[in-house]
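Chemist: As input, take run03.txt (compact mmCIF, C-alpha atoms and all ligand atoms):
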```txt
# COMPACT_ATOMS: atom_id res chain seq x y z
CA MET A 1 24.82 -16.41 -1.88
CA THR A 2 23.25 -15.06 1.26
CA SER A 3 23.60 -11.37 2.04
CA LYS A 4 23.27 -9.99 5.55
CA THR A 5 20.13 -8.02 6.43
CA LYS A 6 20.82 -4.33 6.52
CA THR A 7 18.99 -2.26 9.07
CA ARG A 8 18.38 1.29 7.89
CA THR A 9 17.64 4.26 10.07
CA ARG A 10 17.90 7.75 8.66
CA THR A 11 20.49 10.12 10.06
CA LYS A 12 18.95 13.42 11.07
CA THR A 13 20.84 15.32 8.37
CA ALA A 14 19.08 17.49 5.81
CA SER A 15 17.55 15.72 2.86
CA SER A 16 18.50 16.48 -0.75
CA LEU A 17 14.88 16.81 -1.86
CA SER A 18 13.30 20.10 -2.96
CA LYS A 19 10.67 21.90 -0.87
CA GLU A 20 8.06 20.83 -3.42
CA GLU A 21 9.06 17.16 -3.06
CA HIS A 22 8.98 17.36 0.73
CA LEU A 23 5.56 18.98 0.77
CA ARG A 24 4.24 16.48 -1.73
CA MET A 25 5.24 13.64 0.59
CA TYR A 26 3.58 15.37 3.51
CA THR A 27 0.45 16.06 1.44
CA GLN A 28 0.20 12.47 0.26
CA MET A 29 0.43 11.14 3.83
CA VAL A 30 -2.29 13.52 5.01
CA ARG A 31 -4.43 12.63 1.98
CA ILE A 32 -4.29 8.97 3.03
CA ARG A 33 -5.18 9.75 6.68
CA THR A 34 -8.02 12.06 5.61
CA PHE A 35 -9.36 9.54 3.11
CA GLU A 36 -9.46 6.92 5.85
CA ASP A 37 -11.19 9.22 8.36
CA ASN A 38 -13.92 9.84 5.81
CA ALA A 39 -14.20 6.18 4.83
CA ASN A 40 -14.59 5.29 8.52
CA GLN A 41 -17.38 7.87 8.88
CA LEU A 42 -19.15 6.50 5.81
CA TYR A 43 -18.98 3.02 7.30
CA LEU A 44 -20.20 4.12 10.75
CA ALA A 45 -23.08 6.05 9.13
CA GLY A 46 -24.16 2.85 7.36
CA LYS A 47 -23.54 4.38 3.93
CA MET A 48 -20.87 1.94 2.85
CA GLN A 49 -21.51 -1.74 2.17
CA GLY A 50 -19.04 -4.32 3.45
CA LEU A 51 -16.00 -3.83 5.61
CA THR A 52 -12.88 -1.80 5.17
CA HIS A 53 -9.39 -2.21 6.61
CA MET A 54 -7.81 1.07 7.68
CA TYR A 55 -4.23 2.00 6.78
CA SER A 56 -3.88 4.94 9.24
CA GLY A 57 -0.50 4.83 10.98
CA GLU A 58 1.25 3.18 8.02
CA GLU A 59 1.27 6.18 5.63
CA ALA A 60 5.06 6.64 5.48
CA VAL A 61 5.44 3.17 3.98
CA ALA A 62 3.14 3.70 0.99
CA VAL A 63 4.25 7.30 0.39
CA GLY A 64 7.98 6.73 0.89
CA ILE A 65 7.93 3.90 -1.64
CA CYS A 66 5.45 5.29 -4.19
CA GLU A 67 7.23 8.65 -4.32
CA ALA A 68 10.25 6.71 -5.62
CA LEU A 69 8.16 5.36 -8.52
CA THR A 70 6.77 6.78 -11.76
CA ASP A 71 3.36 6.10 -13.35
CA SER A 72 5.02 3.43 -15.53
CA ASP A 73 6.07 1.49 -12.43
CA ARG A 74 3.50 -0.93 -11.04
CA ILE A 75 2.34 -1.86 -7.58
CA THR A 76 0.15 -4.60 -6.21
CA SER A 77 -1.81 -3.93 -3.05
CA THR A 78 -3.60 -5.69 -0.21
CA HIS A 79 -6.90 -5.79 1.70
CA ARG A 80 -5.52 -2.68 3.51
CA GLY A 81 -5.11 -0.93 0.19
CA HIS A 82 -6.42 2.67 0.39
CA GLY A 83 -2.98 3.99 1.32
CA HIS A 84 -1.24 2.36 -1.64
CA CYS A 85 -3.96 3.59 -3.99
CA VAL A 86 -3.74 7.24 -2.85
CA ALA A 87 0.06 7.15 -2.73
CA LYS A 88 0.24 5.87 -6.32
CA GLY A 89 -1.70 8.91 -7.50
CA ALA A 90 -5.40 8.01 -7.39
CA ASN A 91 -8.12 10.68 -7.19
CA TYR A 92 -10.47 11.02 -4.24
CA LYS A 93 -13.63 11.18 -6.37
CA GLU A 94 -13.12 7.88 -8.17
CA MET A 95 -11.98 6.25 -4.91
CA PHE A 96 -15.01 7.34 -2.86
CA CYS A 97 -17.30 6.41 -5.76
CA GLU A 98 -15.71 2.95 -5.76
CA LEU A 99 -16.19 2.51 -1.99
CA LEU A 100 -19.86 3.45 -2.34
CA GLY A 101 -20.42 1.15 -5.33
CA LYS A 102 -20.99 3.96 -7.81
CA GLN A 103 -20.56 3.80 -11.59
CA GLU A 104 -17.80 6.42 -11.66
CA GLY A 105 -15.61 4.41 -9.28
CA TYR A 106 -12.26 3.06 -10.45
CA CYS A 107 -13.84 -0.37 -11.01
CA ARG A 108 -17.30 0.98 -11.86
CA GLY A 109 -18.33 0.30 -8.26
CA LYS A 110 -17.84 -3.45 -8.48
CA GLY A 111 -14.54 -3.74 -6.61
CA GLY A 112 -15.12 -1.74 -3.46
CA SER A 113 -12.47 -1.17 -0.83
CA MET A 114 -10.71 -4.52 -1.16
CA HIS A 115 -10.51 -4.77 -4.97
CA ILE A 116 -9.80 -1.21 -5.95
CA ALA A 117 -7.40 -0.85 -8.90
CA ASP A 118 -6.17 2.20 -10.79
CA GLN A 119 -4.38 1.10 -13.94
CA SER A 120 -3.85 4.70 -15.07
CA HIS A 121 -1.27 5.13 -12.30
CA GLY A 122 0.12 1.58 -12.40
CA ASN A 123 -1.86 0.22 -9.44
CA LEU A 124 -2.68 -3.35 -10.49
CA GLY A 125 -5.10 -3.68 -7.62
CA ALA A 126 -5.89 -4.49 -4.04
CA ASN A 127 -6.49 -8.14 -3.21
CA ALA A 128 -8.67 -9.66 -0.50
CA ILE A 129 -6.68 -12.88 -0.61
CA VAL A 130 -3.77 -12.54 1.80
CA GLY A 131 -0.60 -12.83 -0.32
CA GLY A 132 -2.75 -13.10 -3.44
CA SER A 133 -0.97 -10.36 -5.34
CA MET A 134 2.52 -11.85 -5.04
CA GLY A 135 2.19 -13.85 -8.26
CA ILE A 136 0.69 -10.86 -10.07
CA ALA A 137 3.58 -8.59 -9.02
CA THR A 138 6.22 -11.12 -9.98
CA GLY A 139 4.44 -11.76 -13.29
CA SER A 140 4.43 -8.02 -13.93
CA ALA A 141 8.18 -7.88 -13.30
CA LEU A 142 8.71 -10.86 -15.64
CA ARG A 143 6.70 -9.02 -18.32
CA ALA A 144 8.95 -5.97 -17.95
CA LYS A 145 12.07 -8.09 -18.27
CA LEU A 146 10.83 -10.08 -21.29
CA LEU A 147 9.73 -6.93 -23.12
CA GLY A 148 12.92 -5.08 -22.27
CA GLN A 149 11.03 -2.36 -20.39
CA ASP A 150 12.63 -0.65 -17.42
CA ASP A 151 9.63 -0.38 -15.10
CA VAL A 152 9.75 -1.78 -11.58
CA THR A 153 6.96 -3.52 -9.66
CA VAL A 154 6.48 -3.20 -5.91
CA CYS A 155 4.55 -5.96 -4.17
CA PHE A 156 3.01 -4.75 -0.88
CA PHE A 157 1.96 -7.38 1.67
CA GLY A 158 1.66 -7.78 5.44
CA ASP A 159 3.77 -9.79 7.86
CA GLY A 160 0.94 -12.35 8.07
CA ALA A 161 1.27 -12.98 4.33
CA THR A 162 4.77 -14.36 4.85
CA ALA A 163 2.95 -17.54 5.93
CA GLN A 164 1.74 -18.02 2.35
CA GLY A 165 3.67 -20.59 0.31
CA LEU A 166 3.30 -18.46 -2.81
CA LEU A 167 5.84 -15.99 -1.42
CA TYR A 168 8.55 -18.66 -1.51
CA GLU A 169 7.68 -19.75 -5.05
CA VAL A 170 7.82 -16.20 -6.40
CA MET A 171 10.95 -15.19 -4.47
CA ASN A 172 12.69 -18.23 -5.95
CA MET A 173 11.70 -17.27 -9.50
CA ALA A 174 12.41 -13.58 -8.98
CA ALA A 175 15.90 -14.35 -7.66
CA LEU A 176 16.73 -16.90 -10.38
CA TRP A 177 15.57 -14.60 -13.18
CA LYS A 178 16.79 -11.34 -11.57
CA LEU A 179 13.39 -9.72 -11.87
CA PRO A 180 12.76 -6.00 -11.20
CA VAL A 181 10.45 -6.55 -8.23
CA ILE A 182 10.62 -5.22 -4.68
CA PHE A 183 8.84 -7.28 -2.03
CA ALA A 184 7.61 -4.76 0.56
CA CYS A 185 6.52 -6.45 3.78
CA GLU A 186 4.52 -4.04 5.99
CA ASN A 187 5.19 -5.43 9.45
CA ASN A 188 2.54 -3.76 11.63
CA GLY A 189 3.05 -6.26 14.44
CA TYR A 190 -0.22 -8.14 13.98
CA SER A 191 -1.93 -10.57 11.67
CA GLU A 192 -5.60 -9.98 12.41
CA TYR A 193 -5.72 -10.50 16.21
CA THR A 194 -2.42 -12.34 16.67
CA LYS A 195 1.01 -10.90 17.33
CA THR A 196 3.55 -11.43 14.56
CA GLU A 197 5.99 -13.26 16.83
CA GLU A 198 3.28 -15.86 17.53
CA ILE A 199 2.88 -16.73 13.85
CA ALA A 200 6.28 -16.06 12.28
CA ALA A 201 9.28 -18.08 13.45
CA GLY A 202 12.75 -16.64 13.08
CA SER A 203 13.48 -13.54 11.08
CA ILE A 204 11.33 -12.21 8.24
CA THR A 205 14.24 -10.81 6.23
CA ALA A 206 16.10 -14.12 6.55
CA ARG A 207 13.33 -15.68 4.46
CA ALA A 208 14.37 -13.54 1.49
CA GLU A 209 18.08 -13.95 2.20
CA ALA A 210 17.65 -17.72 1.91
CA PHE A 211 16.99 -17.08 -1.79
CA GLY A 212 20.00 -14.77 -2.11
CA ILE A 213 17.76 -11.69 -2.16
CA GLU A 214 19.23 -8.57 -0.56
CA ALA A 215 16.95 -7.66 2.35
CA PHE A 216 16.56 -4.56 4.50
CA GLN A 217 14.69 -3.84 7.72
CA ILE A 218 13.69 -0.21 8.03
CA ASP A 219 11.71 2.18 10.25
CA GLY A 220 8.40 2.40 8.38
CA GLN A 221 7.39 5.53 10.32
CA ASP A 222 10.17 7.60 8.74
CA VAL A 223 9.03 8.68 5.28
CA LEU A 224 12.41 10.13 4.27
CA ALA A 225 14.31 6.99 5.23
CA VAL A 226 11.83 4.81 3.33
CA ASN A 227 11.98 7.09 0.29
CA GLU A 228 15.78 7.32 0.27
CA LEU A 229 16.24 3.56 0.35
CA SER A 230 13.40 2.94 -2.14
CA LYS A 231 14.94 5.29 -4.68
CA LYS A 232 18.25 3.43 -4.49
CA LEU A 233 16.59 0.03 -4.86
CA VAL A 234 14.33 1.16 -7.71
CA ALA A 235 17.38 2.48 -9.60
CA ARG A 236 19.21 -0.80 -9.00
CA CYS A 237 16.17 -2.76 -10.21
CA ARG A 238 16.17 -0.71 -13.43
CA ASP A 239 19.84 -1.66 -13.88
CA GLY A 240 18.96 -5.37 -13.65
CA ASP A 241 20.10 -5.73 -10.05
CA GLY A 242 16.74 -6.84 -8.56
CA PRO A 243 14.89 -8.33 -6.77
CA PHE A 244 14.95 -6.80 -3.27
CA PHE A 245 13.07 -7.34 -0.03
CA LEU A 246 12.05 -4.68 2.49
CA GLU A 247 10.64 -5.25 5.95
CA LEU A 248 9.03 -1.98 7.06
CA MET A 249 8.35 -1.71 10.80
CA THR A 250 5.03 0.06 11.27
CA TYR A 251 1.70 0.03 13.16
CA ARG A 252 -2.00 0.19 12.31
CA TYR A 253 -3.98 2.58 14.52
CA HIS A 254 -7.44 1.13 13.99
CA GLY A 255 -8.63 -2.41 14.48
CA HIS A 256 -7.94 -5.13 11.93
CA HIS A 257 -11.06 -3.88 10.15
CA VAL A 258 -13.57 -1.14 10.97
CA GLY A 259 -15.68 -3.53 13.04
CA ASP A 260 -12.78 -4.48 15.35
CA ILE A 261 -13.54 -2.01 18.16
CA ASN A 262 -12.66 -3.75 21.44
CA ARG A 263 -9.04 -4.71 20.97
CA GLU A 264 -7.70 -4.95 24.50
CA TYR A 265 -7.73 -8.75 24.51
CA TYR A 266 -4.93 -8.72 21.94
CA ARG A 267 -3.19 -5.34 22.35
CA SER A 268 -3.19 -2.67 25.03
CA LYS A 269 -4.42 0.92 24.82
CA LYS A 270 -1.02 1.94 26.19
CA GLU A 271 0.73 0.36 23.22
CA GLU A 272 -1.62 2.09 20.78
CA ALA A 273 -1.12 5.44 22.52
CA ASP A 274 2.64 5.05 22.46
CA TRP A 275 2.74 4.58 18.67
CA LYS A 276 0.24 7.40 18.05
CA GLU A 277 1.88 9.90 20.36
CA ASN A 278 5.55 9.12 19.86
CA ARG A 279 5.96 7.54 16.42
CA ASP A 280 3.25 9.01 14.22
CA PRO A 281 4.72 9.41 10.70
CA ILE A 282 2.78 12.59 9.92
CA ILE A 283 3.49 14.38 13.21
CA ARG A 284 7.17 13.41 13.00
CA PHE A 285 7.55 14.64 9.44
CA ARG A 286 5.59 17.82 10.10
CA SER A 287 7.83 18.70 13.07
CA TRP A 288 10.92 17.96 11.00
CA LEU A 289 9.71 20.19 8.14
CA VAL A 290 9.17 23.07 10.56
CA GLU A 291 12.46 22.50 12.43
CA GLN A 292 14.40 22.48 9.15
CA GLY A 293 12.66 25.70 8.03
CA ILE A 294 11.21 23.92 4.97
CA ALA A 295 7.62 24.87 5.82
CA LYS A 296 5.87 27.13 8.29
CA GLU A 297 3.03 26.01 10.56
CA ASP A 298 0.45 28.15 8.77
CA GLU A 299 1.51 26.71 5.39
CA ILE A 300 0.99 23.21 6.76
CA GLU A 301 -2.37 24.14 8.29
CA ALA A 302 -3.47 25.51 4.90
CA LEU A 303 -2.50 22.21 3.22
CA ASN A 304 -4.41 20.22 5.84
CA ALA A 305 -7.51 22.40 5.38
CA GLN A 306 -7.38 22.06 1.60
CA ILE A 307 -7.17 18.28 1.83
CA LYS A 308 -10.11 18.16 4.25
CA GLN A 309 -12.14 20.28 1.85
CA ASP A 310 -11.19 18.09 -1.14
CA ALA A 311 -12.33 15.01 0.76
CA LYS A 312 -15.60 16.62 1.81
CA GLU A 313 -16.39 17.58 -1.76
CA ALA A 314 -15.43 14.14 -3.10
CA VAL A 315 -17.62 12.38 -0.51
CA ALA A 316 -20.59 14.61 -1.40
CA TYR A 317 -19.96 13.93 -5.08
CA ALA A 318 -19.81 10.17 -4.52
CA GLU A 319 -22.94 10.13 -2.37
CA ALA A 320 -24.89 11.88 -5.13
CA ALA A 321 -23.37 9.82 -7.97
CA ALA A 322 -25.30 7.12 -9.84
CA TYR A 323 -25.09 3.38 -9.28
CA PRO A 324 -24.22 1.30 -12.34
CA GLY A 325 -27.21 0.08 -14.35
CA LEU A 326 -28.38 -3.53 -14.21
CA GLU A 327 -27.02 -4.05 -17.73
CA GLU A 328 -23.50 -3.78 -16.19
CA VAL A 329 -23.86 -6.84 -13.98
CA ASP A 330 -21.64 -9.06 -16.15
CA MET A 331 -19.51 -6.29 -17.68
CA HIS A 332 -15.77 -6.91 -17.11
CA VAL A 333 -16.59 -10.27 -15.54
CA TYR A 334 -16.54 -12.55 -18.60
CA ALA A 335 -14.19 -12.26 -21.58
CA GLU A 336 -15.82 -11.52 -24.95
CA THR A 337 -15.73 -14.74 -26.95
CA ASP A 338 -17.07 -15.75 -30.30
CA PRO A 339 -18.84 -19.15 -29.92
CA ALA A 340 -18.03 -20.06 -33.51
CA THR A 341 -14.31 -19.61 -32.89
CA LEU A 342 -14.49 -21.60 -29.67
CA GLN A 343 -16.34 -24.47 -31.38
CA ALA A 344 -13.73 -24.63 -34.11
CA GLY A 345 -11.13 -24.99 -31.34
CA LYS A 346 -9.15 -22.00 -32.61
C1 LIG B 401 -5.78 -16.63 1.97
C2 LIG B 401 -6.43 -15.88 3.09
N1 LIG B 401 -6.43 -16.40 4.34
C3 LIG B 401 -7.03 -15.74 5.35
C4 LIG B 401 -7.65 -14.53 5.12
C5 LIG B 401 -8.27 -13.79 6.29
N2 LIG B 401 -7.42 -12.63 6.63
C6 LIG B 401 -7.70 -11.40 6.19
S1 LIG B 401 -6.54 -10.29 6.64
C7 LIG B 401 -5.67 -11.45 7.49
C8 LIG B 401 -4.42 -11.08 8.24
C9 LIG B 401 -3.40 -10.48 7.36
O1 LIG B 401 -2.31 -10.05 8.13
P1 LIG B 401 -1.14 -9.29 7.46
O2 LIG B 401 -0.76 -9.99 6.20
O3 LIG B 401 -0.08 -9.11 8.47
O4 LIG B 401 -1.76 -7.90 7.03
P2 LIG B 401 -2.38 -6.75 7.94
O5 LIG B 401 -3.85 -7.06 8.05
O6 LIG B 401 -1.68 -6.78 9.24
O7 LIG B 401 -2.13 -5.50 7.17
C10 LIG B 401 -6.27 -12.69 7.39
C11 LIG B 401 -5.73 -13.93 8.00
C12 LIG B 401 -7.65 -14.03 3.81
N3 LIG B 401 -8.23 -12.87 3.49
N4 LIG B 401 -7.01 -14.70 2.81
```
Produce structure tokens that represent the structure in this file.

Modeler:
Amino acid sequence: MTSKTKTRTRTKTASSLSKEEHLRMYTQMVRIRTFEDNANQLYLAGKMQGLTHMYSGEEAVAVGICEALTDSDRITSTHRGHGHCVAKGANYKEMFCELLGKQEGYCRGKGGSMHIADQSHGNLGANAIVGGSMGIATGSALRAKLLGQDDVTVCFFGDGATAQGLLYEVMNMAALWKLPVIFACENNGYSEYTKTEEIAAGSITARAEAFGIEAFQIDGQDVLAVNELSKKLVARCRDGDGPFFLELMTYRYHGHHVGDINREYYRSKKEEADWKENRDPIIRFRSWLVEQGIAKEDEIEALNAQIKQDAKEAVAYAEAAAYPGLEEVDMHVYAETDPATLQAGK
């Protein structure tokens, strides 16, 4: 049965969350932006190996969804994964150590930006393969169902990843088996250097509806709207009512990756300025918090300053931290096996 796409925009009424919950959402969004600013500086200073894909501009998506989850719930992430990692509860120190290839990083420095994982908070990992985590997320949801556990898995991916056949295999299984998984498509308008409408025919939500999956399109720059809807869908997943599909309309401020500087051949400066000036998720939420009398400007400035300081200290810590020893080269790469057992075919 096909359900109609529901478009969600938040009404400007007061939210039912506590001051603490509101400020936590604000803090988490600023922590993502600040992490990214520092990661960009590390890259530009030649201190970070490899590339990184910035999440700035998309913070309300990761935070709105992850604030609806607990540590027992799982997420899978993408090549643009810093935002998901921070939003799911990761620490700056282990994250910066990971980006710089240091032993104290979440993956002992071997994953870097595009393979960062934080199992302690249920982040099953970023993935450099576009769409590559869709099977992992659906498998995680199948595990929960088979074991009778009530955790939910959120699968983050970009609009470009809807071109991957795997999505259609896993949506079919998830729908047939009523798995507790939420497919969260971050539609930032581009797949590398190509506009979404040039690579994706028809409607993105209709793809999920074809499998009988309830699908929603939502303003991904409105953290409260994303959080409100996510909480409802997570609760319904726990009740066996999953899966669901979300298309979150958002925008990335930087280039596709940190090296993508001259972008005018595929998108205009005017367009970038419009999103930054008029639709920024942090500025919007900050203004709303002040307007509603939930926080004062000086309180917000103090939070911003604290986050900046935390990042500065974590970067200094990571820069001074040790690299893994040579003896770690094949650690966590090969499974421990007993040759005698293997030979016996057991
Ligand atoms: C299987 C695969 N094909 C191609 C690439 C190269 N690639 C990296 S990111 C990207 C675009 C992804 O676009 P989207 O899914 O919309 O995510 P966004 O970068 O916009 O967040 C491509 C094609 C890849 N990493 N993996």

Chemist: Name the residues in contact with Gly242 (chain A) at a cut-off of 6 Å, using only C-alpha atoms, excluding same-chain residues fewer than 6 positions from it; report them as a list in words.

Modeler: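 That gives Lys178, Leu179 and Pro180 of chain A.
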
Chemist: Counting all atoms listed in the file, what are the residues, protein, DNA or RNA alike, that approach ligand LIG 401 (chain B) to within 10 Å? I want them as a PyMOL selection string.

Modeler: chain A and resi 53-55+58+78-81+114+127-132+156-164+185-196+199+250-252+255-257

Chemist: Which residues are close to Gly83 (chain A), i.e. within 9 Å by all atoms listed in the file, leaving aside same-chain residues fewer than 5 positions away? Reply as a PDB file with C-alpha atoms, in the frame of the given file.

Modeler:
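Contents of part29.pdb, as written:
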```pdb
ATOM      1  CA  MET A  29       0.430  11.140   3.830  1.00  0.00           C
ATOM      2  CA  ARG A  31      -4.430  12.630   1.980  1.00  0.00           C
ATOM      3  CA  ILE A  32      -4.290   8.970   3.030  1.00  0.00           C
ATOM      4  CA  ARG A  33      -5.180   9.750   6.680  1.00  0.00           C
ATOM      5  CA  PHE A  35      -9.360   9.540   3.110  1.00  0.00           C
ATOM      6  CA  GLU A  36      -9.460   6.920   5.850  1.00  0.00           C
ATOM      7  CA  MET A  54      -7.810   1.070   7.680  1.00  0.00           C
ATOM      8  CA  TYR A  55      -4.230   2.000   6.780  1.00  0.00           C
ATOM      9  CA  SER A  56      -3.880   4.940   9.240  1.00  0.00           C
ATOM     10  CA  GLU A  58       1.250   3.180   8.020  1.00  0.00           C
ATOM     11  CA  GLU A  59       1.270   6.180   5.630  1.00  0.00           C
ATOM     12  CA  VAL A  61       5.440   3.170   3.980  1.00  0.00           C
ATOM     13  CA  ALA A  62       3.140   3.700   0.990  1.00  0.00           C
ATOM     14  CA  VAL A  63       4.250   7.300   0.390  1.00  0.00           C
ATOM     15  CA  LYS A  88       0.240   5.870  -6.320  1.00  0.00           C
TER      16      LYS A  88
END
```

Chemist: Can you tell me how far CA of Ser18 (chain A) sits from CA of Val154 (chain A), in Å to one decimal?

Modeler: 24.5 Å

Chemist: Which is closer to Ile282 (chain A) than all the others in A:Ser120, A:Phe244, A:Cys85, A:Tyr26, using all atoms listed in the file?

Modeler: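 Ranking A:Ser120, A:Phe244, A:Cys85, A:Tyr26 by distance to Ile282 (chain A), first place goes to A:Tyr26.
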
Chemist: Considering all atoms listed in the file, state which residue in the set A:Arg24, A:Gly57, A:Lys110, A:Leu17 is at the smallest distance from Gly89 (chain A).

Modeler: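 The answer is A:Arg24, which sits nearest to Gly89 (chain A).
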
Chemist: So which one's closest to Glu21 (chain A), A:Ala295, A:Asp151, A:Tyr265, A:Ala141? Using all atoms listed in the file, please.

Modeler: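 Residue with the minimum atom-to-atom distance to Glu21 (chain A): A:Ala295.
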
Chemist: Between CA of Ser72 (chain A) and CA of His121 (chain A), what is the distance in Å, rounded to a tenth?

Modeler: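 These two atoms are separated by 7.3 Å.
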
Chemist: Suppose you want the space between CA of Thr153 (chain A) and CA of Ile75 (chain A); what is it in Å?

Modeler: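 Separation between CA of Thr153 (chain A) and CA of Ile75 (chain A): 5.3 Å.
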
Chemist: Which centre and which edge lengths, in Å to one decimal, describe the axis-aligned box that holds all listed atoms of region 261-273 of chain A after 8 Å is added on each side, as lines of an AutoDock Vina configuration file?

Modeler:
```
center_x = -6.4
center_y = -1.7
center_z = 22.2
size_x = 30.3
size_y = 30.2
size_z = 24.0
```

Chemist: Mind checking which residues fall within 10 Å of Leu176 (chain A), counting all atoms listed in the file, ignoring those fewer than 6 positions away in the same chain, and posting them as a list in words?

Modeler: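 These residues fall inside the cut-off: Val170, Phe211, Gly212, Ile213 and Pro243 of chain A.
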
Chemist: Nearest to Gly50 (chain A) among A:Thr138, A:Ser113, A:Gln119, A:Thr27, with distances taken over all atoms listed in the file: which residue is it?

Modeler: A:Ser113

Chemist: Kindly indicate which residue among A:Ala235, A:Val86, A:Met331, A:Ala215 lies nearest to Asp150 (chain A), using all atoms listed in the file for the distances.

Modeler: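 Nearest to Asp150 (chain A): A:Ala235.
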
Chemist: When distances are computed from only C-alpha atoms, which of A:Val315, A:Ala273, A:Leu124, A:Leu166 shows the smallest separation from His254 (chain A)?

Modeler: A:Ala273

Chemist: List as a list in words the residues having at least one atom at most 12 Å from position (-24.8, 12.0, -4.9) as given in the file, counting all atoms listed in the file.

Modeler: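 All residues meeting the 12 Å criterion around (-24.8, 12.0, -4.9) are Lys47, Lys93, Phe96, Cys97, Leu100, Gly101, Lys102, Gln103, Glu104, Glu313, Ala314, Val315, Ala316, Tyr317, Ala318, Glu319, Ala320, Ala321, Ala322 and Tyr323 of chain A.
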